[in-house]
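Novice: Take a look at the following structure, please.
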Amino acid sequence: MKISKRHLLNYSILIPYFLLSILGLIVVYSTTSATLIEEGKSAFQLVRNQGIFWIASLVLIALIYKLKLGFLRNGRLIFIVMIVEMVLLALARLVGTPVNGAYGWISVGPVTIQPAEYLKIIIIWYLAHRFSKQQDEIAVYDFQVLTQNQWLPRAFNDWRFVLLVLIGSLGIFPDLGNATILVLVALIMYTVSGIAYRWFSTILALLAGSSMLVLSVIRFVGVEKFSQIPLFGYVAKRFSAF
């Protein structure tokens with residue numbers, strides 16, 4: 001019996017998404033309207049921009065929902081998307097406008113895009129594609145299938161080398177914040193690839209421990225001193241604001 005896609009919708013994710021999106025628009029309006037009015041601008045300027053992007057996201061969700069999984073499993077398509085992403089990253093560095101010392105944005109008229117944000121989706125897509133084809137082997141040989149019994153990648157098509165190129169490309173901006181997030185995304189994808197749960201627990205413990213260590217160092221050294229370190233200044237200031 002053929003199962004309709006409608007029965008596969010996860011409403012526990014979809015409904016909170018709608019509610020949180022609407023709540024976010026309300027928060028944007030309530031926190032920016034007064035300032036915009038004082039500046040002689042429309043109180044709806046920022047919330048309108050956010051609303052446009054939200055509507056665009058709904059259109060993308062509908063399009064992705066209609067896609068067949070076979071289309072997303074196309075290795076050539078993933079390769080083309082990664083090439084386009086690398087071109088966008090290069091353009092952002094060459095012609096982009098720096099923000100807080102990082103060249104990560106491309107302005108096209110009134111619209112500004114940050115190519116590094118797309119890497120999150122691309123990396124998840126790429127790793128899901130790679131790991132899904134090795135599930136039978138992973139079930140038997142565990143993580144050795146993914147590492148090929150080698151701690152360092154020795155081939156250009158090794159998924160670790162591909163990640164090194166994609167994430168390492170952010171170093172030219174520099175964008176350590178997004179690079180860190182992408183490393184975490186890759187580690188999470190690795191832990192849910194089908195390897196034994198003990199490795200998931202180990203990696204999770206290492207992530208928690210390293211995070212606490214970094215935060216402790218920043219707290220001990222002081223945000224102001226830490227912000228003087230090249231490349232880490234903006235990250236430290238964001239931590240201070242948080």
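The way I read the labels, and the way they are meant: chains A, B, ... in the order of the structure tokens, residue 1 as the first residue of every chain, and ligand 1 as the first ligand shown, with later ones counted on from there.
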So which residues touch Ile22 (chain A) within 12 Å, counting only C-alpha atoms, skipping near sequence neighbours fewer than 6 positions away, as JSON, numbers by chain?
Specialist: {"A": [15, 16, 28, 29, 47, 50, 51, 54, 55]}
Novice: Generate a file of the selected residues that holds C-alpha atoms, formatted as a compact mmCIF listing (two decimals), in the first residue's frame.
Specialist:
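The file below, out-v5.txt, is the result:
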# COMPACT_ATOMS: atom_id res chain seq x y z
CA ILE A 15 3.39 23.36 14.57
CA PRO A 16 6.09 24.65 16.98
CA VAL A 28 11.10 41.81 16.48
CA TYR A 29 8.27 44.32 16.18
CA VAL A 47 9.49 43.00 10.96
CA GLN A 50 11.82 39.29 8.56
CA GLY A 51 8.31 38.43 7.41
CA TRP A 54 9.72 33.77 6.64
CA ILE A 55 7.28 33.61 3.75
Novice: Pull the helix (DSSP H, G or I) assignments for region 4-188 of chain A out of DSSP run on the backbone, and list those residues as a count of residues only.
Specialist: 135
Novice: Measuring between only C-alpha atoms, which one of A:Ile52, A:Leu184, A:Ile80, A:Leu215 shows the shortest distance to Val111 (chain A)?
Specialist: A:Ile52
Novice: As an exercise, work out the distance from CA of Leu119 (chain A) to CA of Leu182 (chain A) in Å and give it to one decimal place.
Specialist: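 Those two atoms sit 7.6 Å apart.
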Novice: Residues near Asp136 (chain A), anyone? I mean within 12 Å using only C-alpha atoms, not counting same-chain ones fewer than 5 positions away, as a list of chain:residue names.
Specialist: A:Phe131, A:Tyr141, A:Asp142, A:Phe143, A:Val145, A:Leu146, A:Ser193, A:Gly194, A:Ile195
Novice: Would you output that residue set with C-alpha atoms, as a short mmCIF file (atom, residue, chain, number, x, y, z; two decimals), in the first residue's frame?
Specialist:
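Saved to part.cif:
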data_model
loop_
_atom_site.label_atom_id
_atom_site.label_comp_id
_atom_site.auth_asym_id
_atom_site.auth_seq_id
_atom_site.Cartn_x
_atom_site.Cartn_y
_atom_site.Cartn_z
CA PHE A 131 26.54 7.73 5.53
CA TYR A 141 32.15 -2.81 11.43
CA ASP A 142 31.08 0.28 13.37
CA PHE A 143 33.09 3.50 12.95
CA VAL A 145 33.78 1.97 7.96
CA LEU A 146 33.69 5.75 8.15
CA SER A 193 25.47 7.85 11.48
CA GLY A 194 24.77 4.45 13.00
CA ILE A 195 27.96 3.94 14.98
#
Novice: Give me, please, the distance in Å between CA of Ile61 (chain A) and CA of Arg73 (chain A), quoted to one decimal.
Specialist: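 Result for CA of Ile61 (chain A) versus CA of Arg73 (chain A): 17.7 Å, one decimal.
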Novice: Write out as a list in words the set of residues from region 2-241 of chain A that DSSP, computed on the backbone, places in strand (DSSP E).
Specialist: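 Answer for region 2-241 of chain A restricted to strand (DSSP E) is Ile106, Ser107, Val108, Val111, Thr112 and Ile113 of chain A.
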Novice: One number please: CA of Leu91 (chain A) to CA of Leu170 (chain A), in Å, one decimal.
Specialist: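 Value for the CA of Leu91 (chain A)-CA of Leu170 (chain A) distance: 12.4 Å.
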Novice: Under the rule that only C-alpha atoms are counted, which of A:Ala90, A:Val108, A:Leu72, A:Leu14 is the nearest residue to Leu58 (chain A)?
Specialist: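 Looking at the shortest contact to Leu58 (chain A), the residue is A:Leu14.
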Novice: Taking only C-alpha atoms into account, name the residue in A:Asn74, A:Asn49, A:Thr31, A:Ser132 that is nearest to Met189 (chain A).
Specialist: A:Ser132
Novice: Please provide as a PyMOL selection string all residues within 9 Å of Met86 (chain A), with the sequence filter that same-chain residues fewer than 4 positions apart are discarded (counting only C-alpha atoms).
Specialist: chain A and resi 81-82+90-91+115+166+169
Novice: Taking 3 positions as the minimum chain separation for residues in the same chain, which residues sit within 12 Å of region 93-97 of chain A when counting only C-alpha atoms? Answer as a PyMOL selection string.
Specialist: chain A and resi 86-90+100-108+112-116+169-175
